[in-house]
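Visitor: Below is a structure I'd like to ask you about.
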Amino acid sequence: MATAVAGPSASASRADVKPVRRATAAKGPYYVDFRARTAASYGHAFVWYGKTSEKQVEVAGLHPAGDVLPYVLGHLTFVPSETGASYGDLDEQYLTASYRVYLSEADAQKVFAYIKHLQATSPVWNAETANCTAFIGRIASFMGLKAPFHLLKPEEYVNQLRELNGGRQTVQLAADH
């Protein structure tokens with residue numbers, strides 16, 4: 001888990017994803033921000049999440065542990081992963097797409113626990129299957145959002161996530177979550 005202060009301004013199994021009911025409630029005090037940023041290759045997708053009244057944010061994303069070699073090998077096989085912040089995740093100048101969704105406190109506790117569960121149970125990265133877009137897609141699905149196919153560039157993925165959900169800004173989890 002990575003905790004950071006923001007400035008102003010895995011193989012995706014669906015078995016653990018449960019449906020949610022749609023809601024049109026006012027923005028909640030908590031959020032999950034699906035984000036994409038530039039990188040040396042095709043970019044990176046990750047989430048910021050936290051409380052709107054605090055500058056501190058949590059960062060979660062799936063990426064290869066280490067530097068260039070694990071990244072290259074991860075295009076051929078599974079490599080060890082990390083699930084916290086990676087280089088550039090906190091720098092606004094690298095941001096290429098963002099889609100923020102607000103939650104109530106009760107729903108945020110469930111979603112944040114799910115994110116931490118994904119972080120704890122995502123030991124490997126692979127460019128085709130267990131990648132950063134599949135990781136944030138599992139979070140989106142858990143929240144009841146429609147998620148695009150995971151083999152898109154991160155910027156495209158986040159923009160399609162927003163479009164598939166009509167730019168919807170709030171979610172409310174089903175009672176069985």
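Residue numbering restarts at 1 for every chain of the structure tokens, chains are lettered A, B, ... in their displayed order, and ligands are numbered from 1 as they appear.
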Using only C-alpha atoms, find each residue in range 33-101 of chain A having at least one atom no more than 12 Å away from range 155-166 of chain A; report its shortest atom-to-atom pair and that distance in Å (one decimal), rows by chain then rising number, as a tab-separated table.
Guide:
```
residue	atom	partner	partner_atom	distance
A:Asp33	CA	A:Val158	CA	9.8
A:Phe34	CA	A:Val158	CA	6.5
A:Arg35	CA	A:Val158	CA	6.5
A:Ala36	CA	A:Glu155	CA	5.1
A:Arg37	CA	A:Glu155	CA	7.0
A:Thr38	CA	A:Glu155	CA	8.3
A:Ala39	CA	A:Glu155	CA	10.9
A:Tyr42	CA	A:Glu155	CA	8.8
A:Gly43	CA	A:Glu155	CA	7.3
A:His44	CA	A:Glu155	CA	7.9
A:Ala45	CA	A:Glu155	CA	7.5
A:Phe46	CA	A:Val158	CA	9.5
A:Val47	CA	A:Val158	CA	10.3
A:Tyr94	CA	A:Glu155	CA	11.1
A:Leu95	CA	A:Glu155	CA	8.8
A:Thr96	CA	A:Glu155	CA	5.9
A:Ala97	CA	A:Glu155	CA	5.4
A:Ser98	CA	A:Val158	CA	6.5
A:Tyr99	CA	A:Arg162	CA	6.0
A:Arg100	CA	A:Arg162	CA	8.7
A:Val101	CA	A:Arg162	CA	9.6
```
Visitor: Quick one: pick out all strand (DSSP E) residues within range 47-148 of chain A from a backbone DSSP run and write them as an mmCIF file with all heavy atoms, in the first residue's frame.
Guide:
```cif
data_model
loop_
_atom_site.group_PDB
_atom_site.id
_atom_site.type_symbol
_atom_site.label_atom_id
_atom_site.label_comp_id
_atom_site.auth_asym_id
_atom_site.auth_seq_id
_atom_site.Cartn_x
_atom_site.Cartn_y
_atom_site.Cartn_z
ATOM 1 N N VAL A 47 -5.149 3.836 -9.555
ATOM 2 C CA VAL A 47 -6.195 4.612 -8.891
ATOM 3 C C VAL A 47 -5.598 5.428 -7.761
ATOM 4 O O VAL A 47 -4.631 5.014 -7.128
ATOM 5 C CB VAL A 47 -7.347 3.728 -8.331
ATOM 6 C CG1 VAL A 47 -8.107 3.038 -9.453
ATOM 7 C CG2 VAL A 47 -6.865 2.727 -7.298
ATOM 8 N N TRP A 48 -6.199 6.586 -7.565
ATOM 9 C CA TRP A 48 -6.046 7.354 -6.347
ATOM 10 C C TRP A 48 -7.350 7.146 -5.611
ATOM 11 O O TRP A 48 -8.422 7.105 -6.229
ATOM 12 C CB TRP A 48 -5.937 8.842 -6.645
ATOM 13 C CG TRP A 48 -4.597 9.362 -7.043
ATOM 14 C CD1 TRP A 48 -3.507 8.653 -7.433
ATOM 15 C CD2 TRP A 48 -4.238 10.742 -7.120
ATOM 16 N NE1 TRP A 48 -2.487 9.501 -7.734
ATOM 17 C CE2 TRP A 48 -2.911 10.800 -7.559
ATOM 18 C CE3 TRP A 48 -4.916 11.928 -6.856
ATOM 19 C CZ2 TRP A 48 -2.230 11.994 -7.737
ATOM 20 C CZ3 TRP A 48 -4.246 13.121 -7.046
ATOM 21 C CH2 TRP A 48 -2.909 13.155 -7.475
ATOM 22 N N TYR A 49 -7.287 7.043 -4.298
ATOM 23 C CA TYR A 49 -8.535 6.965 -3.540
ATOM 24 C C TYR A 49 -8.337 7.573 -2.160
ATOM 25 O O TYR A 49 -7.234 7.625 -1.645
ATOM 26 C CB TYR A 49 -9.060 5.526 -3.457
ATOM 27 C CG TYR A 49 -8.166 4.516 -2.767
ATOM 28 C CD1 TYR A 49 -8.434 4.122 -1.462
ATOM 29 C CD2 TYR A 49 -7.080 3.942 -3.411
ATOM 30 C CE1 TYR A 49 -7.634 3.176 -0.824
ATOM 31 C CE2 TYR A 49 -6.283 2.999 -2.788
ATOM 32 C CZ TYR A 49 -6.564 2.621 -1.495
ATOM 33 O OH TYR A 49 -5.777 1.692 -0.858
ATOM 34 N N GLY A 50 -9.450 8.084 -1.628
ATOM 35 C CA GLY A 50 -9.363 8.721 -0.322
ATOM 36 C C GLY A 50 -10.587 9.542 -0.002
ATOM 37 O O GLY A 50 -11.673 9.311 -0.537
ATOM 38 N N LYS A 51 -10.389 10.534 0.848
ATOM 39 C CA LYS A 51 -11.467 11.405 1.322
ATOM 40 C C LYS A 51 -11.272 12.783 0.683
ATOM 41 O O LYS A 51 -10.160 13.312 0.684
ATOM 42 C CB LYS A 51 -11.413 11.500 2.852
ATOM 43 C CG LYS A 51 -12.598 12.190 3.457
ATOM 44 C CD LYS A 51 -12.588 12.075 4.972
ATOM 45 C CE LYS A 51 -13.861 12.697 5.535
ATOM 46 N NZ LYS A 51 -13.930 12.546 6.985
ATOM 47 N N GLN A 56 -4.165 13.937 1.584
ATOM 48 C CA GLN A 56 -3.531 12.623 1.527
ATOM 49 C C GLN A 56 -4.367 11.692 0.655
ATOM 50 O O GLN A 56 -5.581 11.644 0.775
ATOM 51 C CB GLN A 56 -3.413 12.046 2.930
ATOM 52 C CG GLN A 56 -2.740 10.692 2.962
ATOM 53 C CD GLN A 56 -2.517 10.229 4.390
ATOM 54 O OE1 GLN A 56 -2.085 10.992 5.232
ATOM 55 N NE2 GLN A 56 -2.811 8.969 4.640
ATOM 56 N N VAL A 57 -3.701 10.963 -0.241
ATOM 57 C CA VAL A 57 -4.381 9.987 -1.086
ATOM 58 C C VAL A 57 -3.672 8.648 -0.970
ATOM 59 O O VAL A 57 -2.484 8.573 -0.661
ATOM 60 C CB VAL A 57 -4.410 10.404 -2.579
ATOM 61 C CG1 VAL A 57 -5.176 11.686 -2.781
ATOM 62 C CG2 VAL A 57 -3.014 10.498 -3.166
ATOM 63 N N GLU A 58 -4.421 7.601 -1.218
ATOM 64 C CA GLU A 58 -3.845 6.266 -1.350
ATOM 65 C C GLU A 58 -3.662 6.025 -2.847
ATOM 66 O O GLU A 58 -4.452 6.513 -3.665
ATOM 67 C CB GLU A 58 -4.793 5.217 -0.777
ATOM 68 C CG GLU A 58 -5.133 5.402 0.684
ATOM 69 C CD GLU A 58 -4.004 5.026 1.620
ATOM 70 O OE1 GLU A 58 -3.165 4.188 1.259
ATOM 71 O OE2 GLU A 58 -3.967 5.593 2.721
ATOM 72 N N VAL A 59 -2.648 5.262 -3.206
ATOM 73 C CA VAL A 59 -2.377 4.948 -4.606
ATOM 74 C C VAL A 59 -2.282 3.438 -4.748
ATOM 75 O O VAL A 59 -1.594 2.780 -3.974
ATOM 76 C CB VAL A 59 -1.051 5.589 -5.091
ATOM 77 C CG1 VAL A 59 -0.802 5.267 -6.562
ATOM 78 C CG2 VAL A 59 -1.056 7.093 -4.860
ATOM 79 N N ALA A 60 -2.996 2.897 -5.730
ATOM 80 C CA ALA A 60 -2.922 1.460 -6.011
ATOM 81 C C ALA A 60 -2.868 1.257 -7.525
ATOM 82 O O ALA A 60 -3.613 1.879 -8.274
ATOM 83 C CB ALA A 60 -4.137 0.737 -5.434
ATOM 84 N N HIS A 63 2.047 -3.121 -11.334
ATOM 85 C CA HIS A 63 3.189 -2.915 -12.217
ATOM 86 C C HIS A 63 4.294 -3.889 -11.838
ATOM 87 O O HIS A 63 4.319 -4.414 -10.726
ATOM 88 C CB HIS A 63 3.681 -1.462 -12.159
ATOM 89 C CG HIS A 63 3.922 -0.965 -10.773
ATOM 90 N ND1 HIS A 63 5.142 -1.028 -10.169
ATOM 91 C CD2 HIS A 63 3.083 -0.418 -9.859
ATOM 92 C CE1 HIS A 63 5.062 -0.526 -8.945
ATOM 93 N NE2 HIS A 63 3.811 -0.154 -8.722
ATOM 94 N N PRO A 64 5.212 -4.156 -12.782
ATOM 95 C CA PRO A 64 6.295 -5.097 -12.461
ATOM 96 C C PRO A 64 7.200 -4.553 -11.363
ATOM 97 O O PRO A 64 7.454 -3.344 -11.306
ATOM 98 C CB PRO A 64 7.076 -5.232 -13.773
ATOM 99 C CG PRO A 64 6.478 -4.297 -14.749
ATOM 100 C CD PRO A 64 5.298 -3.632 -14.135
ATOM 101 N N VAL A 79 5.847 -11.993 -14.047
ATOM 102 C CA VAL A 79 6.964 -11.507 -13.235
ATOM 103 C C VAL A 79 6.400 -10.975 -11.916
ATOM 104 O O VAL A 79 5.225 -10.615 -11.839
ATOM 105 C CB VAL A 79 7.774 -10.403 -13.967
ATOM 106 C CG1 VAL A 79 8.433 -10.961 -15.225
ATOM 107 C CG2 VAL A 79 6.901 -9.198 -14.298
ATOM 108 N N PRO A 80 7.230 -10.917 -10.867
ATOM 109 C CA PRO A 80 6.751 -10.362 -9.594
ATOM 110 C C PRO A 80 6.234 -8.932 -9.774
ATOM 111 O O PRO A 80 6.770 -8.167 -10.577
ATOM 112 C CB PRO A 80 8.000 -10.390 -8.707
ATOM 113 C CG PRO A 80 8.856 -11.468 -9.302
ATOM 114 C CD PRO A 80 8.605 -11.400 -10.785
ATOM 115 N N SER A 81 5.197 -8.606 -9.002
ATOM 116 C CA SER A 81 4.584 -7.287 -9.147
ATOM 117 C C SER A 81 4.688 -6.468 -7.869
ATOM 118 O O SER A 81 4.999 -6.987 -6.801
ATOM 119 C CB SER A 81 3.108 -7.431 -9.511
ATOM 120 O OG SER A 81 2.372 -7.885 -8.381
ATOM 121 N N GLU A 82 4.370 -5.200 -8.020
ATOM 122 C CA GLU A 82 4.154 -4.272 -6.918
ATOM 123 C C GLU A 82 2.787 -3.655 -7.153
ATOM 124 O O GLU A 82 2.334 -3.561 -8.298
ATOM 125 C CB GLU A 82 5.234 -3.196 -6.880
ATOM 126 C CG GLU A 82 6.604 -3.760 -6.557
ATOM 127 C CD GLU A 82 7.713 -2.712 -6.603
ATOM 128 O OE1 GLU A 82 7.489 -1.605 -7.138
ATOM 129 O OE2 GLU A 82 8.803 -3.016 -6.119
ATOM 130 N N LEU A 95 -0.162 13.113 -16.082
ATOM 131 C CA LEU A 95 -1.542 12.630 -16.173
ATOM 132 C C LEU A 95 -2.093 12.809 -17.587
ATOM 133 O O LEU A 95 -1.966 13.877 -18.178
ATOM 134 C CB LEU A 95 -2.415 13.393 -15.172
ATOM 135 C CG LEU A 95 -3.844 12.894 -15.004
ATOM 136 C CD1 LEU A 95 -3.857 11.521 -14.349
ATOM 137 C CD2 LEU A 95 -4.641 13.885 -14.155
ATOM 138 N N THR A 96 -2.694 11.741 -18.136
ATOM 139 C CA THR A 96 -3.288 11.813 -19.474
ATOM 140 C C THR A 96 -4.797 11.587 -19.456
ATOM 141 O O THR A 96 -5.481 11.943 -20.409
ATOM 142 C CB THR A 96 -2.637 10.782 -20.426
ATOM 143 O OG1 THR A 96 -2.804 9.476 -19.870
ATOM 144 C CG2 THR A 96 -1.158 11.081 -20.629
ATOM 145 N N ALA A 97 -5.325 10.982 -18.384
ATOM 146 C CA ALA A 97 -6.771 10.756 -18.275
ATOM 147 C C ALA A 97 -7.126 10.536 -16.816
ATOM 148 O O ALA A 97 -6.330 10.006 -16.040
ATOM 149 C CB ALA A 97 -7.199 9.552 -19.110
ATOM 150 N N SER A 98 -8.348 10.930 -16.452
ATOM 151 C CA SER A 98 -8.816 10.769 -15.086
ATOM 152 C C SER A 98 -10.331 10.648 -15.087
ATOM 153 O O SER A 98 -11.009 11.362 -15.824
ATOM 154 C CB SER A 98 -8.383 11.979 -14.254
ATOM 155 O OG SER A 98 -8.901 11.897 -12.942
ATOM 156 N N TYR A 99 -10.830 9.739 -14.264
ATOM 157 C CA TYR A 99 -12.281 9.571 -14.107
ATOM 158 C C TYR A 99 -12.547 9.341 -12.627
ATOM 159 O O TYR A 99 -12.212 8.300 -12.080
ATOM 160 C CB TYR A 99 -12.779 8.403 -14.947
ATOM 161 C CG TYR A 99 -14.232 8.032 -14.744
ATOM 162 C CD1 TYR A 99 -15.235 8.997 -14.648
ATOM 163 C CD2 TYR A 99 -14.607 6.699 -14.647
ATOM 164 C CE1 TYR A 99 -16.559 8.647 -14.466
ATOM 165 C CE2 TYR A 99 -15.933 6.335 -14.472
ATOM 166 C CZ TYR A 99 -16.902 7.315 -14.380
ATOM 167 O OH TYR A 99 -18.226 6.966 -14.196
ATOM 168 N N ARG A 100 -13.137 10.337 -11.962
ATOM 169 C CA ARG A 100 -13.367 10.288 -10.520
ATOM 170 C C ARG A 100 -14.821 9.911 -10.238
ATOM 171 O O ARG A 100 -15.740 10.461 -10.832
ATOM 172 C CB ARG A 100 -13.037 11.628 -9.879
ATOM 173 C CG ARG A 100 -13.210 11.608 -8.365
ATOM 174 C CD ARG A 100 -12.641 12.842 -7.717
ATOM 175 N NE ARG A 100 -11.182 12.726 -7.699
ATOM 176 C CZ ARG A 100 -10.400 13.389 -6.868
ATOM 177 N NH1 ARG A 100 -10.909 14.243 -5.997
ATOM 178 N NH2 ARG A 100 -9.091 13.224 -6.899
ATOM 179 N N VAL A 101 -14.990 8.987 -9.277
ATOM 180 C CA VAL A 101 -16.310 8.542 -8.844
ATOM 181 C C VAL A 101 -16.379 8.711 -7.329
ATOM 182 O O VAL A 101 -15.453 8.328 -6.611
ATOM 183 C CB VAL A 101 -16.545 7.063 -9.237
ATOM 184 C CG1 VAL A 101 -17.914 6.608 -8.798
ATOM 185 C CG2 VAL A 101 -16.373 6.881 -10.738
ATOM 186 N N TYR A 102 -17.497 9.276 -6.846
ATOM 187 C CA TYR A 102 -17.674 9.560 -5.428
ATOM 188 C C TYR A 102 -18.498 8.477 -4.746
ATOM 189 O O TYR A 102 -19.372 7.864 -5.370
ATOM 190 C CB TYR A 102 -18.343 10.929 -5.245
ATOM 191 C CG TYR A 102 -17.473 12.049 -5.753
ATOM 192 C CD1 TYR A 102 -17.589 12.511 -7.064
ATOM 193 C CD2 TYR A 102 -16.519 12.633 -4.931
ATOM 194 C CE1 TYR A 102 -16.774 13.528 -7.533
ATOM 195 C CE2 TYR A 102 -15.701 13.649 -5.397
ATOM 196 C CZ TYR A 102 -15.834 14.095 -6.696
ATOM 197 O OH TYR A 102 -15.024 15.094 -7.162
ATOM 198 N N LEU A 103 -18.213 8.277 -3.449
ATOM 199 C CA LEU A 103 -18.854 7.233 -2.650
ATOM 200 C C LEU A 103 -19.224 7.769 -1.275
ATOM 201 O O LEU A 103 -18.567 8.675 -0.764
ATOM 202 C CB LEU A 103 -17.864 6.076 -2.414
ATOM 203 C CG LEU A 103 -17.207 5.433 -3.608
ATOM 204 C CD1 LEU A 103 -15.851 4.879 -3.238
ATOM 205 C CD2 LEU A 103 -18.101 4.355 -4.133
ATOM 206 N N VAL A 124 1.736 -11.089 -9.237
ATOM 207 C CA VAL A 124 2.439 -11.113 -10.518
ATOM 208 C C VAL A 124 1.856 -10.084 -11.495
ATOM 209 O O VAL A 124 0.711 -9.658 -11.368
ATOM 210 C CB VAL A 124 2.398 -12.517 -11.177
ATOM 211 C CG1 VAL A 124 3.152 -13.534 -10.343
ATOM 212 C CG2 VAL A 124 0.965 -12.967 -11.425
ATOM 213 N N TRP A 125 2.697 -9.725 -12.468
ATOM 214 C CA TRP A 125 2.316 -8.822 -13.550
ATOM 215 C C TRP A 125 2.647 -9.506 -14.869
ATOM 216 O O TRP A 125 3.659 -10.203 -14.977
ATOM 217 C CB TRP A 125 3.093 -7.509 -13.442
ATOM 218 C CG TRP A 125 2.767 -6.513 -14.524
ATOM 219 C CD1 TRP A 125 1.747 -5.605 -14.516
ATOM 220 C CD2 TRP A 125 3.450 -6.308 -15.768
ATOM 221 N NE1 TRP A 125 1.753 -4.861 -15.667
ATOM 222 C CE2 TRP A 125 2.804 -5.279 -16.462
ATOM 223 C CE3 TRP A 125 4.554 -6.921 -16.369
ATOM 224 C CZ2 TRP A 125 3.209 -4.817 -17.711
ATOM 225 C CZ3 TRP A 125 4.958 -6.468 -17.616
ATOM 226 C CH2 TRP A 125 4.296 -5.428 -18.280
#
```
Visitor: From the set A:Pro154, A:Leu73, A:Gly167, A:Val32, which residue has the shortest atom-to-atom contact distance to Ala140 in chain A, counting only C-alpha atoms?
Guide: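 Closest to Ala140 in chain A of all the choices is A:Val32.
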Visitor: Counting only C-alpha atoms, which residue out of A:Tyr31, A:Ala127, A:Leu151, A:Leu76 sits closest to Gln169 in chain A?
Guide: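 So, comparing all the options, the nearest one is A:Tyr31.
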Visitor: What gap, in Å, lies between CA of Ser86 in chain A and CA of Ala113 in chain A?
Guide: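 Separation of CA of Ser86 in chain A and CA of Ala113 in chain A: 20.4 Å.
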Visitor: Which of chain A counts as alpha helix (DSSP H) under DSSP, as a compact mmCIF listing (two decimals) with N, CA, C and O atoms, in the first residue's frame please?
Guide:
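states-v5.txt written:
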```
# COMPACT_ATOMS: atom_id res chain seq x y z
N VAL A 68 13.73 -2.16 -15.73
CA VAL A 68 13.53 -2.51 -17.14
C VAL A 68 13.41 -4.01 -17.39
O VAL A 68 12.51 -4.45 -18.11
N LEU A 69 14.28 -4.82 -16.80
CA LEU A 69 14.26 -6.26 -17.09
C LEU A 69 12.93 -6.93 -16.74
O LEU A 69 12.36 -7.63 -17.59
N PRO A 70 12.38 -6.74 -15.54
CA PRO A 70 11.08 -7.36 -15.26
C PRO A 70 9.99 -6.88 -16.21
O PRO A 70 9.12 -7.65 -16.62
N TYR A 71 10.03 -5.61 -16.60
CA TYR A 71 9.06 -5.08 -17.53
C TYR A 71 9.15 -5.80 -18.88
O TYR A 71 8.15 -6.23 -19.44
N VAL A 72 10.36 -5.95 -19.38
CA VAL A 72 10.55 -6.63 -20.67
C VAL A 72 10.13 -8.10 -20.56
O VAL A 72 9.38 -8.60 -21.40
N LEU A 73 10.59 -8.80 -19.52
CA LEU A 73 10.23 -10.21 -19.33
C LEU A 73 8.73 -10.39 -19.14
O LEU A 73 8.16 -11.40 -19.55
N GLU A 105 -19.39 7.16 2.88
CA GLU A 105 -18.38 6.59 3.78
C GLU A 105 -18.51 5.07 3.89
O GLU A 105 -17.51 4.35 3.82
N ALA A 106 -19.73 4.57 4.04
CA ALA A 106 -19.94 3.12 4.18
C ALA A 106 -19.47 2.38 2.93
O ALA A 106 -18.81 1.34 3.03
N ASP A 107 -19.81 2.89 1.76
CA ASP A 107 -19.40 2.24 0.52
C ASP A 107 -17.89 2.37 0.31
O ASP A 107 -17.23 1.44 -0.16
N ALA A 108 -17.33 3.52 0.68
CA ALA A 108 -15.89 3.71 0.53
C ALA A 108 -15.12 2.70 1.37
O ALA A 108 -14.12 2.14 0.91
N GLN A 109 -15.59 2.42 2.57
CA GLN A 109 -14.90 1.43 3.41
C GLN A 109 -14.84 0.08 2.71
O GLN A 109 -13.82 -0.60 2.74
N LYS A 110 -15.92 -0.31 2.05
CA LYS A 110 -15.97 -1.60 1.35
C LYS A 110 -15.06 -1.58 0.11
O LYS A 110 -14.32 -2.53 -0.14
N VAL A 111 -15.12 -0.50 -0.65
CA VAL A 111 -14.30 -0.41 -1.86
C VAL A 111 -12.82 -0.32 -1.49
O VAL A 111 -11.99 -1.01 -2.09
N PHE A 112 -12.49 0.47 -0.48
CA PHE A 112 -11.08 0.60 -0.08
C PHE A 112 -10.55 -0.74 0.44
O PHE A 112 -9.40 -1.10 0.18
N ALA A 113 -11.37 -1.48 1.16
CA ALA A 113 -10.97 -2.82 1.63
C ALA A 113 -10.75 -3.75 0.44
O ALA A 113 -9.81 -4.55 0.43
N TYR A 114 -11.60 -3.64 -0.58
CA TYR A 114 -11.43 -4.47 -1.78
C TYR A 114 -10.13 -4.12 -2.50
O TYR A 114 -9.39 -5.01 -2.95
N ILE A 115 -9.82 -2.83 -2.59
CA ILE A 115 -8.56 -2.41 -3.24
C ILE A 115 -7.38 -3.00 -2.47
O ILE A 115 -6.45 -3.56 -3.08
N LYS A 116 -7.41 -2.92 -1.16
CA LYS A 116 -6.31 -3.48 -0.35
C LYS A 116 -6.22 -5.00 -0.52
O LYS A 116 -5.12 -5.57 -0.57
N HIS A 117 -7.39 -5.66 -0.66
CA HIS A 117 -7.41 -7.10 -0.92
C HIS A 117 -6.75 -7.39 -2.27
O HIS A 117 -5.93 -8.32 -2.37
N LEU A 118 -7.08 -6.62 -3.30
CA LEU A 118 -6.44 -6.82 -4.61
C LEU A 118 -4.93 -6.62 -4.52
O LEU A 118 -4.16 -7.37 -5.12
N GLN A 119 -4.53 -5.61 -3.78
CA GLN A 119 -3.10 -5.37 -3.63
C GLN A 119 -2.41 -6.56 -2.97
O GLN A 119 -1.32 -6.95 -3.37
N ALA A 120 -3.05 -7.14 -1.99
CA ALA A 120 -2.46 -8.27 -1.25
C ALA A 120 -2.49 -9.57 -2.04
O ALA A 120 -1.73 -10.49 -1.74
N CYS A 132 -1.98 -3.45 -15.63
CA CYS A 132 -2.52 -2.32 -14.86
C CYS A 132 -3.98 -2.02 -15.20
O CYS A 132 -4.77 -1.68 -14.31
N THR A 133 -4.37 -2.16 -16.45
CA THR A 133 -5.77 -1.88 -16.81
C THR A 133 -6.70 -2.97 -16.30
O THR A 133 -7.81 -2.68 -15.87
N ALA A 134 -6.26 -4.22 -16.31
CA ALA A 134 -7.07 -5.31 -15.74
C ALA A 134 -7.26 -5.07 -14.25
O ALA A 134 -8.34 -5.29 -13.70
N PHE A 135 -6.22 -4.60 -13.58
CA PHE A 135 -6.26 -4.33 -12.14
C PHE A 135 -7.30 -3.25 -11.81
O PHE A 135 -8.17 -3.46 -10.97
N ILE A 136 -7.23 -2.10 -12.49
CA ILE A 136 -8.21 -1.05 -12.18
C ILE A 136 -9.60 -1.43 -12.68
O ILE A 136 -10.60 -0.98 -12.13
N GLY A 137 -9.67 -2.29 -13.70
CA GLY A 137 -10.97 -2.77 -14.18
C GLY A 137 -11.68 -3.62 -13.14
O GLY A 137 -12.91 -3.58 -13.03
N ARG A 138 -10.92 -4.38 -12.38
CA ARG A 138 -11.53 -5.17 -11.30
C ARG A 138 -12.13 -4.26 -10.24
O ARG A 138 -13.19 -4.53 -9.70
N ILE A 139 -11.45 -3.17 -9.95
CA ILE A 139 -11.97 -2.20 -8.99
C ILE A 139 -13.25 -1.57 -9.53
O ILE A 139 -14.26 -1.47 -8.83
N ALA A 140 -13.22 -1.16 -10.78
CA ALA A 140 -14.40 -0.55 -11.41
C ALA A 140 -15.58 -1.53 -11.39
O ALA A 140 -16.70 -1.14 -11.05
N SER A 141 -15.34 -2.78 -11.73
CA SER A 141 -16.41 -3.78 -11.74
C SER A 141 -16.98 -4.00 -10.34
O SER A 141 -18.19 -4.12 -10.17
N PHE A 142 -16.11 -4.05 -9.35
CA PHE A 142 -16.56 -4.21 -7.97
C PHE A 142 -17.49 -3.06 -7.57
O PHE A 142 -18.46 -3.25 -6.84
N PRO A 154 -3.52 2.61 -21.42
CA PRO A 154 -4.13 3.16 -20.21
C PRO A 154 -4.98 4.42 -20.42
O PRO A 154 -6.08 4.51 -19.89
N GLU A 155 -4.51 5.37 -21.20
CA GLU A 155 -5.29 6.59 -21.44
C GLU A 155 -6.62 6.25 -22.11
O GLU A 155 -7.68 6.73 -21.72
N GLU A 156 -6.56 5.40 -23.12
CA GLU A 156 -7.77 4.95 -23.82
C GLU A 156 -8.70 4.20 -22.87
O GLU A 156 -9.91 4.36 -22.90
N TYR A 157 -8.12 3.37 -22.01
CA TYR A 157 -8.90 2.58 -21.07
C TYR A 157 -9.70 3.48 -20.12
O TYR A 157 -10.90 3.31 -19.94
N VAL A 158 -9.03 4.45 -19.50
CA VAL A 158 -9.71 5.34 -18.55
C VAL A 158 -10.78 6.17 -19.26
O VAL A 158 -11.89 6.34 -18.75
N ASN A 159 -10.47 6.66 -20.46
CA ASN A 159 -11.47 7.43 -21.20
C ASN A 159 -12.67 6.57 -21.59
O ASN A 159 -13.82 7.02 -21.49
N GLN A 160 -12.44 5.33 -21.99
CA GLN A 160 -13.55 4.42 -22.31
C GLN A 160 -14.34 4.05 -21.06
O GLN A 160 -15.56 3.91 -21.13
N LEU A 161 -13.67 3.89 -19.93
CA LEU A 161 -14.35 3.61 -18.66
C LEU A 161 -15.35 4.73 -18.37
O LEU A 161 -16.51 4.47 -18.04
N ARG A 162 -14.91 5.97 -18.51
CA ARG A 162 -15.80 7.12 -18.28
C ARG A 162 -16.96 7.11 -19.28
O ARG A 162 -18.12 7.29 -18.91
N GLU A 163 -16.67 6.87 -20.56
CA GLU A 163 -17.70 6.87 -21.59
C GLU A 163 -18.71 5.74 -21.39
O GLU A 163 -19.92 5.96 -21.53
N LEU A 164 -18.23 4.53 -21.09
CA LEU A 164 -19.12 3.39 -20.88
C LEU A 164 -20.11 3.63 -19.75
O LEU A 164 -21.20 3.05 -19.72
```
